[in-house]
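**Q** My structure is in coords-v8.txt, and what it holds is compact mmCIF, C-alpha atoms:
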```
# COMPACT_ATOMS: atom_id res chain seq x y z
CA MET A 1 -242.55 224.20 -59.58
CA ARG A 2 -243.05 225.20 -63.22
CA VAL A 3 -240.55 224.65 -66.04
CA VAL A 4 -241.22 228.04 -67.57
CA ASP A 5 -240.31 229.76 -64.30
CA LEU A 6 -236.99 227.93 -64.15
CA ILE A 7 -236.23 228.86 -67.77
CA GLU A 8 -237.03 232.49 -66.94
CA LYS A 9 -234.81 232.36 -63.87
CA LYS A 10 -231.84 231.05 -65.85
CA LYS A 11 -232.57 233.52 -68.67
CA LEU A 12 -232.04 236.29 -66.11
CA GLY A 13 -228.71 234.76 -65.07
CA LEU A 14 -229.93 233.65 -61.64
CA GLU A 15 -228.66 230.53 -59.88
CA LEU A 16 -230.76 227.36 -59.77
CA ASN A 17 -230.54 225.12 -56.71
CA GLN A 18 -230.18 221.32 -56.65
CA GLU A 19 -233.91 220.73 -56.27
CA GLU A 20 -234.72 222.91 -59.29
CA ILE A 21 -232.07 221.26 -61.49
CA ASP A 22 -233.22 217.80 -60.40
CA PHE A 23 -236.78 218.76 -61.33
CA LEU A 24 -235.66 219.74 -64.84
CA ILE A 25 -233.42 216.73 -65.48
CA ASN A 26 -235.74 214.10 -63.98
CA GLY A 27 -238.72 215.60 -65.78
CA TYR A 28 -236.93 215.55 -69.13
CA VAL A 29 -235.62 212.00 -68.76
CA GLY A 30 -239.05 210.84 -67.60
CA GLY A 31 -240.77 212.41 -70.60
CA ASP A 32 -242.75 215.03 -68.66
CA ILE A 33 -240.74 217.97 -70.02
CA PRO A 34 -240.80 218.32 -73.84
CA ASP A 35 -237.80 218.94 -76.09
CA TYR A 36 -238.78 222.55 -76.78
CA GLN A 37 -238.67 223.51 -73.10
CA MET A 38 -235.37 221.73 -72.46
CA SER A 39 -233.98 223.39 -75.61
CA ALA A 40 -234.96 226.79 -74.21
CA PHE A 41 -233.26 225.96 -70.91
CA LEU A 42 -230.06 224.80 -72.67
CA MET A 43 -229.95 227.99 -74.71
CA ALA A 44 -230.36 230.06 -71.53
CA VAL A 45 -227.41 228.17 -70.03
CA TYR A 46 -225.43 228.72 -73.22
CA PHE A 47 -225.82 232.51 -72.97
CA LYS A 48 -225.88 233.00 -69.18
CA GLY A 49 -223.58 230.20 -68.05
CA MET A 50 -223.71 228.48 -64.67
CA THR A 51 -222.02 229.02 -61.34
CA SER A 52 -219.58 226.39 -60.04
CA GLN A 53 -222.23 225.12 -57.64
CA GLU A 54 -224.86 224.91 -60.38
CA THR A 55 -222.50 222.97 -62.63
CA ALA A 56 -221.73 220.53 -59.81
CA ASN A 57 -225.46 220.16 -59.13
CA LEU A 58 -226.14 219.50 -62.82
CA THR A 59 -223.37 216.89 -62.83
CA MET A 60 -224.94 215.05 -59.90
CA SER A 61 -228.38 215.20 -61.51
CA PHE A 62 -226.87 213.46 -64.53
CA VAL A 63 -225.12 210.90 -62.30
CA ASN A 64 -228.30 210.11 -60.37
CA SER A 65 -230.34 209.61 -63.56
CA GLY A 66 -229.01 206.08 -64.06
CA HIS A 67 -226.77 203.27 -62.89
CA GLN A 68 -223.75 204.08 -60.74
CA VAL A 69 -220.84 201.63 -60.66
CA ASP A 70 -219.92 200.39 -57.20
CA LEU A 71 -216.17 199.80 -57.01
CA SER A 72 -216.05 199.49 -53.22
CA LYS A 73 -214.92 195.86 -53.48
CA ILE A 74 -211.73 196.97 -55.23
CA GLN A 75 -208.84 197.47 -52.82
CA GLY A 76 -206.99 200.79 -52.87
CA ILE A 77 -207.58 204.16 -54.52
CA LYS A 78 -209.22 203.60 -57.91
CA VAL A 79 -207.84 205.94 -60.57
CA ASP A 80 -209.17 206.80 -64.01
CA LYS A 81 -208.24 209.18 -66.82
CA HIS A 82 -210.25 210.93 -69.47
CA SER A 83 -209.32 212.70 -72.69
CA THR A 84 -211.56 215.30 -74.29
CA GLY A 85 -210.66 213.70 -77.63
CA GLY A 86 -207.97 214.10 -80.22
CA VAL A 87 -206.43 212.58 -83.33
CA GLY A 88 -203.98 209.73 -82.78
CA ASP A 89 -204.78 209.71 -79.05
CA LYS A 90 -203.74 206.26 -77.83
CA ILE A 91 -202.70 207.44 -74.36
CA SER A 92 -205.11 205.15 -72.45
CA LEU A 93 -203.49 202.12 -74.06
CA ILE A 94 -200.16 203.26 -72.62
CA VAL A 95 -201.12 204.49 -69.15
CA ILE A 96 -203.30 201.55 -68.08
CA PRO A 97 -200.41 199.02 -67.91
CA LEU A 98 -197.93 201.66 -66.70
CA VAL A 99 -200.04 202.71 -63.72
CA ALA A 100 -201.08 199.13 -62.92
CA ALA A 101 -197.40 198.12 -62.90
CA CYS A 102 -196.94 200.59 -60.02
CA GLY A 103 -199.64 198.81 -58.00
CA VAL A 104 -202.33 201.45 -58.48
CA PRO A 105 -205.74 199.99 -59.48
CA VAL A 106 -207.01 201.21 -62.86
CA ALA A 107 -210.71 200.44 -63.35
CA LYS A 108 -211.24 201.82 -66.86
CA MET A 109 -214.61 202.18 -68.55
CA SER A 110 -214.63 203.48 -72.10
CA GLY A 111 -217.13 204.14 -74.83
CA ARG A 112 -216.88 203.39 -78.50
CA GLY A 113 -215.62 206.05 -80.86
CA LEU A 114 -217.81 208.09 -83.17
CA GLY A 115 -215.74 210.10 -85.62
CA HIS A 116 -212.30 209.82 -87.16
CA THR A 117 -211.19 206.58 -85.40
CA GLY A 118 -212.54 204.10 -82.93
CA GLY A 119 -212.40 204.64 -79.19
CA THR A 120 -209.96 202.85 -76.90
CA ILE A 121 -212.11 199.73 -76.73
CA ASP A 122 -212.48 199.64 -80.54
CA LYS A 123 -208.70 199.78 -80.85
CA LEU A 124 -208.24 196.95 -78.37
CA GLU A 125 -210.77 194.84 -80.24
CA SER A 126 -208.41 194.84 -83.21
CA ILE A 127 -206.45 192.31 -81.11
CA GLU A 128 -207.85 188.85 -81.83
CA GLY A 129 -210.02 187.56 -78.99
CA PHE A 130 -209.81 190.68 -76.80
CA ARG A 131 -213.02 190.85 -74.74
CA ILE A 132 -214.46 194.20 -73.75
CA GLU A 133 -217.76 193.05 -72.26
CA LEU A 134 -216.82 191.85 -68.77
CA SER A 135 -219.23 190.95 -65.99
CA GLU A 136 -219.05 193.22 -62.94
CA GLU A 137 -217.54 190.36 -60.92
CA GLU A 138 -214.89 189.64 -63.55
CA PHE A 139 -214.07 193.32 -63.88
CA ILE A 140 -213.58 193.74 -60.11
CA ASN A 141 -211.61 190.50 -59.81
CA ASN A 142 -209.24 191.54 -62.61
CA VAL A 143 -208.55 194.89 -60.97
CA ASN A 144 -207.95 193.27 -57.58
CA SER A 145 -205.72 190.54 -59.05
CA TYR A 146 -203.85 192.44 -61.77
CA LYS A 147 -204.55 196.10 -60.88
CA MET A 148 -206.20 196.74 -64.25
CA ALA A 149 -209.26 196.06 -66.37
CA ILE A 150 -211.09 197.82 -69.17
CA THR A 151 -214.71 197.39 -70.14
CA GLY A 152 -217.44 199.10 -72.12
CA GLN A 153 -219.70 201.57 -70.39
CA SER A 154 -223.04 200.40 -69.05
CA ALA A 155 -225.92 201.30 -71.34
CA ASN A 156 -227.70 202.84 -68.34
CA LEU A 157 -224.76 204.99 -67.28
CA VAL A 158 -225.86 208.65 -67.16
CA PRO A 159 -228.92 208.37 -69.45
CA ALA A 160 -229.78 212.04 -68.85
CA ASP A 161 -226.51 213.10 -70.46
CA LYS A 162 -227.12 210.87 -73.49
CA LYS A 163 -230.58 212.33 -74.05
CA ILE A 164 -229.55 215.93 -73.46
CA TYR A 165 -226.38 215.60 -75.57
CA SER A 166 -228.53 214.53 -78.55
CA LEU A 167 -230.64 217.64 -78.04
CA ARG A 168 -227.58 219.89 -77.71
CA ASP A 169 -226.29 218.49 -80.98
CA VAL A 170 -229.31 219.81 -82.90
CA THR A 171 -229.83 223.08 -80.99
CA ALA A 172 -226.34 224.61 -81.37
CA THR A 173 -225.62 224.34 -77.64
CA ILE A 174 -222.72 221.87 -77.78
CA ASP A 175 -220.00 224.45 -77.05
CA SER A 176 -221.12 225.49 -73.58
CA ILE A 177 -218.47 225.03 -70.88
CA PRO A 178 -220.89 224.07 -68.04
CA LEU A 179 -222.68 221.58 -70.31
CA ILE A 180 -219.42 220.07 -71.60
CA ALA A 181 -217.95 219.84 -68.10
CA SER A 182 -221.02 218.24 -66.52
CA SER A 183 -221.30 215.78 -69.42
CA ILE A 184 -217.72 214.58 -69.02
CA MET A 185 -217.57 214.59 -65.24
CA SER A 186 -220.91 212.84 -64.74
CA LYS A 187 -219.61 209.78 -66.60
CA LYS A 188 -216.39 209.76 -64.57
CA ILE A 189 -218.25 210.13 -61.25
CA ALA A 190 -220.83 207.46 -62.18
CA SER A 191 -218.00 205.09 -63.16
CA GLY A 192 -216.90 204.99 -59.54
CA ALA A 193 -213.33 206.35 -59.67
CA ASP A 194 -211.81 207.90 -56.54
CA ALA A 195 -209.21 209.92 -58.47
CA ILE A 196 -209.25 211.28 -62.01
CA VAL A 197 -206.65 212.74 -64.35
CA LEU A 198 -208.11 214.78 -67.22
CA ASP A 199 -206.38 215.34 -70.56
CA VAL A 200 -207.92 218.48 -72.03
CA LYS A 201 -206.85 218.77 -75.67
CA VAL A 202 -206.51 222.13 -77.40
CA GLY A 203 -205.80 222.96 -81.05
CA SER A 204 -206.94 222.20 -84.60
CA GLY A 205 -207.76 218.57 -83.81
CA ALA A 206 -209.57 219.26 -80.52
CA PHE A 207 -212.96 220.58 -79.49
CA MET A 208 -211.29 223.43 -77.61
CA LYS A 209 -209.55 225.65 -80.18
CA SER A 210 -208.04 228.26 -77.86
CA LEU A 211 -205.85 227.89 -74.78
CA ASP A 212 -208.07 230.26 -72.78
CA GLU A 213 -211.15 228.11 -73.49
CA ALA A 214 -209.26 224.95 -72.57
CA ARG A 215 -208.15 226.47 -69.27
CA VAL A 216 -211.72 227.46 -68.38
CA LEU A 217 -212.99 223.95 -69.19
CA ALA A 218 -210.17 222.31 -67.22
CA ARG A 219 -210.72 224.54 -64.18
CA THR A 220 -214.49 223.93 -64.32
CA MET A 221 -214.04 220.15 -64.33
CA VAL A 222 -211.42 220.23 -61.57
CA ASP A 223 -213.76 222.34 -59.43
CA ILE A 224 -216.60 219.86 -60.04
CA GLY A 225 -214.39 216.96 -59.02
CA LYS A 226 -213.21 218.66 -55.84
CA SER A 227 -216.75 219.65 -54.85
CA LEU A 228 -217.73 215.97 -55.18
CA ASN A 229 -214.78 214.80 -53.06
CA ARG A 230 -212.66 213.40 -55.89
CA SER A 231 -208.90 213.84 -56.20
CA ILE A 232 -208.39 215.42 -59.61
CA VAL A 233 -205.76 216.96 -61.88
CA ALA A 234 -206.19 218.31 -65.42
CA LEU A 235 -203.50 218.62 -68.09
CA ILE A 236 -203.91 220.89 -71.11
CA THR A 237 -202.13 219.24 -74.05
CA ASN A 238 -201.34 220.20 -77.62
CA MET A 239 -203.57 218.86 -80.40
CA ASP A 240 -202.49 221.21 -83.22
CA GLN A 241 -201.23 218.09 -84.99
CA PRO A 242 -201.95 214.39 -84.43
CA LEU A 243 -200.37 212.73 -81.42
CA GLY A 244 -197.54 210.44 -82.47
CA ARG A 245 -197.32 209.24 -86.05
CA GLU A 246 -200.20 206.75 -86.27
CA VAL A 247 -203.92 207.48 -86.67
CA GLY A 248 -206.28 204.52 -86.80
CA ASN A 249 -206.88 201.42 -84.71
CA THR A 250 -204.42 198.58 -85.35
CA ASN A 251 -201.63 201.02 -86.15
CA GLU A 252 -202.28 202.90 -82.90
CA ILE A 253 -201.96 199.61 -81.00
CA VAL A 254 -198.58 199.13 -82.71
CA GLU A 255 -197.50 202.63 -81.71
CA ALA A 256 -198.62 202.14 -78.10
CA ILE A 257 -196.47 199.00 -78.00
CA LYS A 258 -193.50 201.06 -79.22
CA VAL A 259 -193.98 203.61 -76.44
CA LEU A 260 -194.14 200.86 -73.81
CA LYS A 261 -190.92 199.42 -75.26
CA GLY A 262 -189.21 202.82 -75.10
CA GLN A 263 -189.33 203.34 -78.86
CA GLY A 264 -192.20 205.84 -79.10
CA SER A 265 -192.19 209.39 -80.39
CA GLU A 266 -191.33 212.17 -77.95
CA ASP A 267 -194.73 213.87 -77.84
CA GLU A 268 -196.89 210.89 -76.91
CA THR A 269 -194.22 209.43 -74.61
CA LYS A 270 -193.99 212.64 -72.57
CA ILE A 271 -197.75 213.12 -72.37
CA ALA A 272 -198.36 209.48 -71.44
CA LEU A 273 -195.66 209.51 -68.74
CA THR A 274 -196.99 212.79 -67.32
CA ILE A 275 -200.58 211.53 -67.13
CA ALA A 276 -199.49 208.17 -65.69
CA SER A 277 -197.30 209.93 -63.11
CA TYR A 278 -200.18 212.04 -61.84
CA MET A 279 -202.42 208.95 -61.74
CA CYS A 280 -199.79 207.19 -59.60
CA VAL A 281 -199.48 210.16 -57.24
CA LEU A 282 -203.26 210.47 -56.83
CA GLY A 283 -203.38 206.69 -56.33
CA GLY A 284 -200.94 206.94 -53.43
CA ALA A 285 -198.02 205.04 -54.98
CA PHE A 286 -195.70 208.08 -54.84
CA ILE A 287 -195.48 211.28 -52.86
CA ASP A 288 -194.38 213.55 -55.71
CA PHE A 289 -194.60 213.76 -59.47
CA GLU A 290 -190.86 213.65 -60.21
CA GLU A 291 -190.40 210.41 -58.26
CA ALA A 292 -193.31 208.81 -60.14
CA TYR A 293 -192.01 209.95 -63.55
CA LYS A 294 -188.56 208.46 -62.93
CA LYS A 295 -190.05 205.16 -61.76
CA LEU A 296 -192.23 204.90 -64.86
CA GLU A 297 -189.22 205.49 -67.10
CA VAL A 298 -187.46 202.62 -65.30
CA LEU A 299 -190.49 200.36 -65.87
CA ILE A 300 -190.29 201.05 -69.60
CA ASP A 301 -186.51 200.57 -69.78
CA SER A 302 -186.68 197.30 -67.81
CA GLY A 303 -189.37 195.78 -70.04
CA LYS A 304 -191.89 195.52 -67.19
CA ALA A 305 -194.26 198.02 -68.81
CA ILE A 306 -194.67 196.04 -72.04
CA GLU A 307 -195.02 192.80 -70.05
CA LYS A 308 -197.89 194.42 -68.13
CA PHE A 309 -199.61 195.32 -71.41
CA LYS A 310 -199.17 191.73 -72.57
CA GLU A 311 -200.77 190.62 -69.30
CA LEU A 312 -203.76 192.95 -69.91
CA VAL A 313 -204.28 191.41 -73.35
CA LYS A 314 -204.04 187.87 -71.93
CA ILE A 315 -206.44 188.32 -68.98
CA GLN A 316 -209.08 189.80 -71.29
CA GLY A 317 -208.93 186.92 -73.75
CA GLY A 318 -206.70 188.46 -76.41
CA ASN A 319 -203.75 186.87 -78.16
CA PRO A 320 -200.68 188.06 -76.19
CA ASN A 321 -198.37 187.03 -79.04
CA VAL A 322 -199.35 190.21 -80.93
CA ILE A 323 -197.20 192.22 -78.51
CA ASP A 324 -194.06 190.51 -79.80
CA ASP A 325 -195.29 189.97 -83.36
CA VAL A 326 -197.45 192.87 -84.57
CA SER A 327 -197.78 191.20 -87.99
CA LEU A 328 -200.55 189.11 -86.35
CA LEU A 329 -202.74 192.23 -86.22
CA PRO A 330 -205.18 193.04 -89.08
CA LYS A 331 -203.51 194.26 -92.29
CA ALA A 332 -204.87 196.56 -94.99
CA LYS A 333 -204.86 195.52 -98.63
CA TYR A 334 -203.65 198.89 -99.94
CA HIS A 335 -200.88 201.20 -98.71
CA ILE A 336 -200.83 204.46 -100.67
CA GLU A 337 -198.01 206.96 -100.34
CA VAL A 338 -198.97 210.65 -100.41
CA LYS A 339 -196.05 212.69 -101.72
CA ALA A 340 -195.12 216.34 -101.30
CA GLU A 341 -195.84 218.64 -104.23
CA SER A 342 -193.61 221.47 -102.92
CA ALA A 343 -190.41 221.84 -100.90
CA GLY A 344 -189.76 223.57 -97.59
CA TYR A 345 -190.81 222.87 -94.02
CA VAL A 346 -194.06 221.55 -92.58
CA ASN A 347 -195.47 224.64 -90.85
CA LYS A 348 -198.95 223.31 -90.06
CA LEU A 349 -200.57 219.89 -89.96
CA ASP A 350 -204.33 220.07 -89.55
CA ALA A 351 -205.11 217.26 -87.09
CA GLN A 352 -208.83 217.34 -87.80
CA ALA A 353 -208.28 216.90 -91.55
CA ILE A 354 -206.01 213.91 -90.90
CA GLY A 355 -208.68 212.45 -88.64
CA VAL A 356 -211.37 212.86 -91.29
CA SER A 357 -209.06 211.20 -93.83
CA ALA A 358 -208.67 208.22 -91.51
CA MET A 359 -212.45 207.94 -91.22
CA LEU A 360 -212.86 208.06 -95.00
CA LEU A 361 -210.38 205.19 -95.25
CA GLY A 362 -212.57 203.14 -92.89
CA ALA A 363 -210.92 203.75 -89.50
CA GLY A 364 -213.91 205.54 -87.94
CA ARG A 365 -217.69 205.74 -87.88
CA ARG A 366 -219.92 208.36 -89.48
CA THR A 367 -222.88 206.93 -87.52
CA LYS A 368 -223.10 204.59 -84.52
CA ALA A 369 -224.31 201.80 -86.83
CA ASP A 370 -221.16 201.87 -89.00
CA SER A 371 -218.54 199.16 -88.66
CA ILE A 372 -214.82 199.90 -88.32
CA ASP A 373 -212.02 198.58 -90.50
CA TYR A 374 -209.34 197.95 -87.87
CA ALA A 375 -206.58 197.89 -90.49
CA ALA A 376 -207.42 201.32 -91.95
CA GLY A 377 -205.54 204.43 -90.93
CA VAL A 378 -202.81 206.97 -91.64
CA THR A 379 -199.07 206.81 -90.90
CA LEU A 380 -197.47 210.27 -90.76
CA THR A 381 -193.88 210.29 -92.00
CA LYS A 382 -193.63 214.10 -91.83
CA LYS A 383 -194.84 216.39 -89.04
CA ILE A 384 -194.48 220.05 -88.05
CA GLY A 385 -190.87 221.23 -88.27
CA ASP A 386 -189.73 218.51 -90.68
CA GLN A 387 -187.93 219.56 -93.87
CA ILE A 388 -189.26 218.12 -97.12
CA ASN A 389 -188.38 218.01 -100.79
CA ILE A 390 -190.72 217.59 -103.74
CA GLY A 391 -191.64 213.92 -103.97
CA ASP A 392 -190.96 213.11 -100.31
CA VAL A 393 -193.56 210.88 -98.68
CA LEU A 394 -195.72 212.94 -96.33
CA CYS A 395 -197.77 210.02 -95.09
CA VAL A 396 -199.05 206.56 -95.99
CA LEU A 397 -202.75 205.72 -96.23
CA HIS A 398 -203.80 202.20 -95.18
CA THR A 399 -207.17 200.94 -96.43
CA ASN A 400 -209.16 198.11 -97.93
CA LYS A 401 -211.09 200.58 -100.09
CA GLU A 402 -210.23 201.17 -103.73
CA ASP A 403 -211.57 204.73 -104.00
CA ILE A 404 -209.45 206.91 -101.71
CA GLU A 405 -209.21 210.15 -103.68
CA GLU A 406 -211.23 212.18 -101.17
CA ALA A 407 -209.05 210.97 -98.30
CA LYS A 408 -205.90 211.72 -100.29
CA LEU A 409 -207.04 215.27 -101.06
CA LYS A 410 -207.89 215.85 -97.38
CA VAL A 411 -204.38 214.78 -96.39
CA LEU A 412 -202.69 217.03 -98.95
CA LYS A 413 -204.73 220.00 -97.74
CA ALA A 414 -203.85 219.16 -94.13
CA TYR A 415 -200.20 219.97 -94.78
CA THR A 416 -199.06 223.59 -95.00
CA ILE A 417 -195.54 223.91 -96.43
CA GLY A 418 -193.52 227.08 -95.82
CA LYS A 419 -190.01 228.35 -96.48
CA GLU A 420 -189.13 228.95 -92.82
CA LYS A 421 -189.00 226.25 -90.15
CA ALA A 422 -191.97 226.55 -87.79
CA GLU A 423 -191.57 226.76 -84.05
CA ILE A 424 -192.64 223.52 -82.39
CA LYS A 425 -195.04 224.26 -79.53
CA SER A 426 -194.99 222.63 -76.11
CA TYR A 427 -196.65 219.25 -75.74
CA ILE A 428 -198.16 220.21 -72.38
CA PHE A 429 -199.35 223.79 -71.92
CA ASP A 430 -200.57 223.77 -68.34
CA ILE A 431 -201.44 221.68 -65.29
CA ILE A 432 -204.62 222.59 -63.39
CA LYS A 433 -205.01 221.32 -59.83
```
Could you render the structure as structure tokens?
**A**
Amino acid sequence: MRVVDLIEKKKLGLELNQEEIDFLINGYVGGDIPDYQMSAFLMAVYFKGMTSQETANLTMSFVNSGHQVDLSKIQGIKVDKHSTGGVGDKISLIVIPLVAACGVPVAKMSGRGLGHTGGTIDKLESIEGFRIELSEEEFINNVNSYKMAITGQSANLVPADKKIYSLRDVTATIDSIPLIASSIMSKKIASGADAIVLDVKVGSGAFMKSLDEARVLARTMVDIGKSLNRSIVALITNMDQPLGREVGNTNEIVEAIKVLKGQGSEDETKIALTIASYMCVLGGAFIDFEEAYKKLEVLIDSGKAIEKFKELVKIQGGNPNVIDDVSLLPKAKYHIEVKAESAGYVNKLDAQAIGVSAMLLGAGRRTKADSIDYAAGVTLTKKIGDQINIGDVLCVLHTNKEDIEEAKLKVLKAYTIGKEKAEIKSYIFDIIK
């Protein structure tokens, strides 16, 4: 088998079989296939695409390139969720205790964030003492005993994806549906989950900018999951503006606590309850979605949901008192109000620009080596549809930095003020099964 022949085959739009894809992936990870040949193959995929079977085969090649987590010692149907990434996305913090409270095991593995804010595990580390690095035995025991645990991803989880993603980043082949889908799904499959709920974001603050693109990606990932015998559902959710009103790390923890206490904003509450409901159905706790949704609302109203989050913090070494007293969380030195310079209605709120502002304040990483300021972030006091007058506070910037002019300018440009009230779009556009 020759690499050049496989590149030619894909260049002509022909289907590669499992053996041929394995040859390419194993050869590249092993160092036998150089960057320039893999780059040519990736570009051929970018232009010619892949069939459903090819994409599933590529996913399994990624999975088999490294360590696979064995969750067979965990009782019940193990469920997981994945978001394609958004601004203010603290949904995992909310759904883990909610689903666990229904008796469905949530074995969550997350990576660190690179971009506007930290990832889920970075956010949890803003809680004093919270341990992310759990041994495999401790992780399994926590899920069996408490129905929930969260840990960092193994360094040897899907090494082929890590290496190929770096190459895609510098060869303009990032935005290829088969490559995106196989990258995401390989990590979920290797993490050992039996059932997966996907949150595919679409809009200004998401990788997918159009609804049609998001639907194709969602369908591709669902098809991969089904072909690999996983129960799977994908939601397509709105990311034209940040989710909720907090963007950062500590402040997103605070907002997640509010949702679990029944005090959260409508958008993130509905999305979190919808995702958690599907996780519970796939996990066998309920027969239908409506029954699950009503039960989860009762768990929030009764206080059981927030108690379960407190339990998660406690079993992973964190200070559970922060749930009742959020003043114990890290605080920023400066809180700068950004005020409106014109009157009208907020017609647009560029989520990506808000995310970049949060990073500039210290809430995210430009490179993997950067440290995160847990206290940094943005609080949005005005969102799409809100009426404003000149001088009204649009948002508050939290930071320990003295020079914040660039972040402030980004925020001002993120807001588009118009004379007419904008139509507020749906929070959830579609469900793909």
**Q** What does the structure give for the distance between atom CA of A:Gln153 and atom CA of A:Glu137, in Å to one decimal?
**A**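 Those two atoms sit 14.8 Å apart.
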**Q** List as a ChimeraX atom specification: which residues have an atom within 8 Å of (-202.2, 209.1, -78.8), counting only C-alpha atoms?
**A** /A:86-91,242-244,252,256,268
**Q** Go ahead and write the selection's residues with C-alpha atoms as an mmCIF file, in the frame of the given file.
**A**
```cif
data_model
loop_
_atom_site.group_PDB
_atom_site.id
_atom_site.type_symbol
_atom_site.label_atom_id
_atom_site.label_comp_id
_atom_site.auth_asym_id
_atom_site.auth_seq_id
_atom_site.Cartn_x
_atom_site.Cartn_y
_atom_site.Cartn_z
ATOM 1 C CA GLY A 86 -207.970 214.100 -80.220
ATOM 2 C CA VAL A 87 -206.430 212.580 -83.330
ATOM 3 C CA GLY A 88 -203.980 209.730 -82.780
ATOM 4 C CA ASP A 89 -204.780 209.710 -79.050
ATOM 5 C CA LYS A 90 -203.740 206.260 -77.830
ATOM 6 C CA ILE A 91 -202.700 207.440 -74.360
ATOM 7 C CA PRO A 242 -201.950 214.390 -84.430
ATOM 8 C CA LEU A 243 -200.370 212.730 -81.420
ATOM 9 C CA GLY A 244 -197.540 210.440 -82.470
ATOM 10 C CA GLU A 252 -202.280 202.900 -82.900
ATOM 11 C CA ALA A 256 -198.620 202.140 -78.100
ATOM 12 C CA GLU A 268 -196.890 210.890 -76.910
#
```
**Q** With only C-alpha atoms as the atoms that count, which of A:Ile300, A:Ala44, A:Leu329, A:Val3 lies nearest to A:Gly129?
**A**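 Of A:Ile300, A:Ala44, A:Leu329, A:Val3, the one nearest A:Gly129 is A:Leu329, counting only C-alpha atoms.
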**Q** With the cut-off set at 6 Å and counting only C-alpha atoms, tabulate each residue of stretch 385-432 of chain A with an atom at most that distance from an atom of stretch 344-364 of chain A, showing the nearest atom pair and its distance in Å to one decimal, ordered by chain and increasing number, as a tab-separated table.
**A**
```
residue	atom	partner	partner_atom	distance
A:Gly385	CA	A:Val346	CA	5.4
A:Asp386	CA	A:Tyr345	CA	5.6
A:Gln387	CA	A:Tyr345	CA	4.4
A:Ile388	CA	A:Gly344	CA	5.5
A:Thr399	CA	A:Leu361	CA	5.5
A:Ala407	CA	A:Ser357	CA	4.5
A:Lys410	CA	A:Ala353	CA	5.9
A:Val411	CA	A:Ile354	CA	5.8
A:Ala414	CA	A:Asp350	CA	4.7
A:Tyr415	CA	A:Leu349	CA	4.8
A:Thr416	CA	A:Lys348	CA	4.9
A:Ile417	CA	A:Val346	CA	4.8
A:Gly418	CA	A:Tyr345	CA	5.3
A:Lys419	CA	A:Gly344	CA	4.9
A:Lys421	CA	A:Tyr345	CA	5.4
A:Ala422	CA	A:Asn347	CA	5.0
```
**Q** Rounded to one decimal place, report the atom CA of A:Leu198-atom CA of A:Gln68 distance in Å.
**A**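 Interatomic distance here is 20.0 Å.
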**Q** Go through A:Pro97, A:Gly248, A:Gly264, A:Gly283 one by one, measure the shortest atom-to-atom distance of each to A:Ile196 using all atoms listed in the file, and give the residue with the smallest value.
**A**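 Going through A:Pro97, A:Gly248, A:Gly264, A:Gly283 one by one, the smallest distance to A:Ile196 is for A:Gly283.
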